>>> print(open('run_15.txt').read())   # compact mmCIF, C-alpha atoms
# COMPACT_ATOMS: atom_id res chain seq x y z
CA MET A 998 27.35 -9.28 -8.12
CA VAL A 999 28.55 -5.82 -7.08
CA GLU A 1000 29.52 -5.52 -3.43
CA LYS A 1001 28.35 -2.20 -1.94
CA ASP A 1002 29.82 -0.46 1.11
CA TYR A 1003 27.32 1.50 3.25
CA LYS A 1004 29.77 2.67 5.97
CA LEU A 1005 29.60 6.33 4.83
CA TYR A 1006 25.81 6.34 4.34
CA GLY A 1007 24.34 9.82 4.84
CA THR A 1008 27.60 11.73 4.40
CA LYS A 1009 27.13 15.16 2.81
CA ILE A 1010 29.00 15.44 -0.47
CA LEU A 1011 29.72 18.09 -3.07
CA ASN A 1012 29.26 16.98 -6.68
CA LEU A 1013 32.23 18.59 -8.45
CA LYS A 1014 30.55 18.29 -11.88
CA THR A 1015 27.38 20.19 -10.94
CA GLN A 1016 28.58 22.03 -7.80
CA GLU A 1017 25.49 20.76 -5.93
CA ILE A 1018 25.28 19.28 -2.44
CA GLY A 1019 23.96 15.76 -1.99
CA LEU A 1020 24.08 12.72 0.26
CA LEU A 1021 26.18 9.62 -0.22
CA ILE A 1022 24.31 6.32 -0.17
CA CYS A 1023 27.00 3.74 -0.89
CA LEU A 1024 30.39 3.09 -2.50
CA TRP A 1025 31.07 0.32 -5.01
CA GLU A 1026 33.59 -0.79 -7.61
CA ASN A 1027 32.75 -0.90 -11.33
CA LYS A 1028 34.88 -3.46 -13.15
CA TYR A 1029 35.65 -2.69 -16.77
CA ALA A 1030 37.56 -4.98 -19.12
CA ASP A 1031 40.91 -3.33 -18.41
CA LYS A 1032 40.51 -1.60 -15.02
CA LYS A 1033 38.41 -1.04 -11.92
CA VAL A 1034 36.80 2.33 -11.18
CA ASP A 1035 35.41 3.37 -7.78
CA PHE A 1036 31.86 4.74 -7.92
CA ALA A 1037 29.40 6.22 -5.45
CA THR A 1038 25.63 6.15 -5.45
CA CYS A 1039 24.31 9.50 -4.25
CA VAL A 1040 21.04 11.41 -3.98
CA ASP A 1041 20.64 15.10 -4.85
CA LYS A 1042 18.54 17.70 -3.03
CA THR A 1043 15.44 16.81 -5.07
CA GLY A 1044 15.73 13.13 -4.16
CA LYS A 1045 17.04 11.96 -7.52
CA ARG A 1046 19.49 9.06 -7.24
CA TYR A 1047 22.61 8.97 -9.41
CA ASN A 1048 25.92 7.13 -9.79
CA ILE A 1049 29.15 9.08 -10.10
CA GLU A 1050 32.85 8.32 -10.15
CA LEU A 1051 34.42 8.81 -6.75
CA ASP A 1052 36.91 11.28 -8.24
CA TYR A 1053 34.06 13.73 -8.93
CA ILE A 1054 32.74 14.09 -5.38
CA ARG A 1055 34.21 15.22 -2.09
CA GLY A 1056 33.02 15.41 1.49
CA PHE A 1057 31.15 18.57 2.39
CA GLU A 1058 30.77 20.25 5.78
CA ASP A 1059 28.40 23.09 6.61
CA ASP A 1060 30.03 25.90 8.58
CA PHE A 1061 26.61 26.89 9.93
CA GLU A 1062 26.19 23.69 11.95
CA LYS A 1063 29.19 24.41 14.19
>>> encode(input="run_15.txt", output="structure tokens")
Amino acid sequence: MVEKDYKLYGTKILNLKTQEIGLLICLWENKYADKKVDFATCVDKTGKRYNIELDYIRGFEDDFEK
């Protein structure tokens, strides 16, 4: 069973593949035959849920909220 980490739930992220803003739901580790890859489950602005490698997202902060 995959253990999921919800500590960063609701964090705004930038998807570096699509350049779209989304929200992080959870982090988890995908175990392949020869290595382990960190993944995140996120939701985009339309509410669609997707999984993406952690290397392809970064935290995002709105300058307008300050």
>>> closest_residue(input="run_15.txt", among="A:Glu1058, A:Ile1018, A:Asn1027, A:Ala1037", to="Tyr1006 of chain A", atoms="all atoms listed in the file")
A:Ala1037
>>> atom_distance(input="run_15.txt", atom1="atom CA of Tyr1047 of chain A", atom2="atom CA of Glu1017 of chain A")
12.6 Å
>>> closest_residue(input="run_15.txt", among="A:Ile1049, A:Ile1054, A:Leu1024, A:Ala1030", to="Lys1009 of chain A", atoms="only C-alpha atoms")
A:Ile1054
>>> residues_around(input="run_15.txt", residues="Asp1052 of chain A", least_positions_apart="3", cutoff="12 Å", atoms="all atoms listed in the file", output="PDB file with C-alpha atoms, in the frame of the given file")
ATOM      1  CA  ILE A1010      29.000  15.440  -0.470  1.00  0.00           C
ATOM      2  CA  LEU A1011      29.720  18.090  -3.070  1.00  0.00           C
ATOM      3  CA  ASN A1012      29.260  16.980  -6.680  1.00  0.00           C
ATOM      4  CA  LEU A1013      32.230  18.590  -8.450  1.00  0.00           C
ATOM      5  CA  LYS A1014      30.550  18.290 -11.880  1.00  0.00           C
ATOM      6  CA  LEU A1024      30.390   3.090  -2.500  1.00  0.00           C
ATOM      7  CA  VAL A1034      36.800   2.330 -11.180  1.00  0.00           C
ATOM      8  CA  ASP A1035      35.410   3.370  -7.780  1.00  0.00           C
ATOM      9  CA  PHE A1036      31.860   4.740  -7.920  1.00  0.00           C
ATOM     10  CA  ALA A1037      29.400   6.220  -5.450  1.00  0.00           C
ATOM     11  CA  ASN A1048      25.920   7.130  -9.790  1.00  0.00           C
ATOM     12  CA  ILE A1049      29.150   9.080 -10.100  1.00  0.00           C
ATOM     13  CA  ARG A1055      34.210  15.220  -2.090  1.00  0.00           C
ATOM     14  CA  GLY A1056      33.020  15.410   1.490  1.00  0.00           C
TER      15      GLY A1056
END
>>> closest_residue(input="run_15.txt", among="A:Glu1050, A:Tyr1029, A:Asp1041, A:Met998", to="Gln1016 of chain A", atoms="only C-alpha atoms")
A:Asp1041
>>> residues_around(input="run_15.txt", residues="Val1040 of chain A", least_positions_apart="4", cutoff="6 Å", atoms="only C-alpha atoms", output="PyMOL selection string")
chain A and resi 1019-1020+1044-1046
>>> build_atoms(input="run_15.txt", residues="segment 1001-1034 of chain A", atoms="N, CA and C atoms", output="mmCIF file, keeping the file's coordinate frame")
data_model
loop_
_atom_site.group_PDB
_atom_site.id
_atom_site.type_symbol
_atom_site.label_atom_id
_atom_site.label_comp_id
_atom_site.auth_asym_id
_atom_site.auth_seq_id
_atom_site.Cartn_x
_atom_site.Cartn_y
_atom_site.Cartn_z
ATOM 1 N N LYS A 1001 28.508 -3.616 -2.296
ATOM 2 C CA LYS A 1001 28.350 -2.200 -1.940
ATOM 3 C C LYS A 1001 28.739 -1.984 -0.484
ATOM 4 N N ASP A 1002 29.350 -0.824 -0.222
ATOM 5 C CA ASP A 1002 29.820 -0.460 1.110
ATOM 6 C C ASP A 1002 28.962 0.706 1.621
ATOM 7 N N TYR A 1003 28.234 0.488 2.704
ATOM 8 C CA TYR A 1003 27.320 1.500 3.250
ATOM 9 C C TYR A 1003 27.885 2.205 4.491
ATOM 10 N N LYS A 1004 29.177 2.083 4.759
ATOM 11 C CA LYS A 1004 29.770 2.670 5.970
ATOM 12 C C LYS A 1004 29.641 4.184 6.023
ATOM 13 N N LEU A 1005 29.663 4.863 4.869
ATOM 14 C CA LEU A 1005 29.600 6.330 4.830
ATOM 15 C C LEU A 1005 28.197 6.833 4.499
ATOM 16 N N TYR A 1006 27.190 5.984 4.659
ATOM 17 C CA TYR A 1006 25.810 6.340 4.340
ATOM 18 C C TYR A 1006 25.396 7.642 5.040
ATOM 19 N N GLY A 1007 24.824 8.560 4.284
ATOM 20 C CA GLY A 1007 24.340 9.820 4.840
ATOM 21 C C GLY A 1007 25.355 10.935 4.894
ATOM 22 N N THR A 1008 26.568 10.699 4.407
ATOM 23 C CA THR A 1008 27.600 11.730 4.400
ATOM 24 C C THR A 1008 27.259 12.806 3.372
ATOM 25 N N LYS A 1009 27.353 14.068 3.762
ATOM 26 C CA LYS A 1009 27.130 15.160 2.810
ATOM 27 C C LYS A 1009 28.291 15.215 1.836
ATOM 28 N N ILE A 1010 27.968 15.371 0.554
ATOM 29 C CA ILE A 1010 29.000 15.440 -0.470
ATOM 30 C C ILE A 1010 28.757 16.649 -1.374
ATOM 31 N N LEU A 1011 29.811 17.063 -2.052
ATOM 32 C CA LEU A 1011 29.720 18.090 -3.070
ATOM 33 C C LEU A 1011 30.022 17.435 -4.404
ATOM 34 N N ASN A 1012 29.073 17.507 -5.333
ATOM 35 C CA ASN A 1012 29.260 16.980 -6.680
ATOM 36 C C ASN A 1012 30.102 18.005 -7.437
ATOM 37 N N LEU A 1013 31.315 17.650 -7.799
ATOM 38 C CA LEU A 1013 32.230 18.590 -8.450
ATOM 39 C C LEU A 1013 31.850 18.877 -9.900
ATOM 40 N N LYS A 1014 31.014 18.040 -10.504
ATOM 41 C CA LYS A 1014 30.550 18.290 -11.880
ATOM 42 C C LYS A 1014 29.460 19.346 -11.904
ATOM 43 N N THR A 1015 28.520 19.274 -10.949
ATOM 44 C CA THR A 1015 27.380 20.190 -10.940
ATOM 45 C C THR A 1015 27.460 21.260 -9.858
ATOM 46 N N GLN A 1016 28.424 21.124 -8.937
ATOM 47 C CA GLN A 1016 28.580 22.030 -7.800
ATOM 48 C C GLN A 1016 27.363 22.024 -6.880
ATOM 49 N N GLU A 1017 26.656 20.889 -6.797
ATOM 50 C CA GLU A 1017 25.490 20.760 -5.930
ATOM 51 C C GLU A 1017 25.812 19.850 -4.754
ATOM 52 N N ILE A 1018 25.120 20.080 -3.649
ATOM 53 C CA ILE A 1018 25.280 19.280 -2.440
ATOM 54 C C ILE A 1018 24.335 18.086 -2.521
ATOM 55 N N GLY A 1019 24.790 16.956 -2.016
ATOM 56 C CA GLY A 1019 23.960 15.760 -1.990
ATOM 57 C C GLY A 1019 24.341 14.877 -0.818
ATOM 58 N N LEU A 1020 23.773 13.689 -0.787
ATOM 59 C CA LEU A 1020 24.080 12.720 0.260
ATOM 60 C C LEU A 1020 24.595 11.442 -0.374
ATOM 61 N N LEU A 1021 25.604 10.872 0.245
ATOM 62 C CA LEU A 1021 26.180 9.620 -0.220
ATOM 63 C C LEU A 1021 25.341 8.457 0.299
ATOM 64 N N ILE A 1022 25.047 7.517 -0.576
ATOM 65 C CA ILE A 1022 24.310 6.320 -0.170
ATOM 66 C C ILE A 1022 25.266 5.152 0.014
ATOM 67 N N CYS A 1023 26.067 4.855 -1.014
ATOM 68 C CA CYS A 1023 27.000 3.740 -0.890
ATOM 69 C C CYS A 1023 28.156 3.891 -1.878
ATOM 70 N N LEU A 1024 29.216 3.137 -1.627
ATOM 71 C CA LEU A 1024 30.390 3.090 -2.500
ATOM 72 C C LEU A 1024 30.456 1.699 -3.111
ATOM 73 N N TRP A 1025 30.928 1.605 -4.348
ATOM 74 C CA TRP A 1025 31.070 0.320 -5.010
ATOM 75 C C TRP A 1025 32.105 0.421 -6.111
ATOM 76 N N GLU A 1026 32.524 -0.723 -6.614
ATOM 77 C CA GLU A 1026 33.590 -0.790 -7.610
ATOM 78 C C GLU A 1026 33.006 -1.295 -8.936
ATOM 79 N N ASN A 1027 33.211 -0.519 -9.999
ATOM 80 C CA ASN A 1027 32.750 -0.900 -11.330
ATOM 81 C C ASN A 1027 33.931 -1.513 -12.071
ATOM 82 N N LYS A 1028 33.783 -2.752 -12.490
ATOM 83 C CA LYS A 1028 34.880 -3.460 -13.150
ATOM 84 C C LYS A 1028 34.695 -3.406 -14.660
ATOM 85 N N TYR A 1029 35.617 -2.730 -15.315
ATOM 86 C CA TYR A 1029 35.650 -2.690 -16.770
ATOM 87 C C TYR A 1029 36.596 -3.784 -17.254
ATOM 88 N N ALA A 1030 36.711 -3.934 -18.552
ATOM 89 C CA ALA A 1030 37.560 -4.980 -19.120
ATOM 90 C C ALA A 1030 39.024 -4.801 -18.729
ATOM 91 N N ASP A 1031 39.494 -3.557 -18.660
ATOM 92 C CA ASP A 1031 40.910 -3.330 -18.410
ATOM 93 C C ASP A 1031 41.240 -2.675 -17.072
ATOM 94 N N LYS A 1032 40.223 -2.226 -16.320
ATOM 95 C CA LYS A 1032 40.510 -1.600 -15.020
ATOM 96 C C LYS A 1032 39.280 -1.583 -14.131
ATOM 97 N N LYS A 1033 39.489 -1.183 -12.886
ATOM 98 C CA LYS A 1033 38.410 -1.040 -11.920
ATOM 99 C C LYS A 1033 38.285 0.432 -11.557
ATOM 100 N N VAL A 1034 37.047 0.924 -11.496
ATOM 101 C CA VAL A 1034 36.800 2.330 -11.180
ATOM 102 C C VAL A 1034 35.871 2.393 -9.972
#
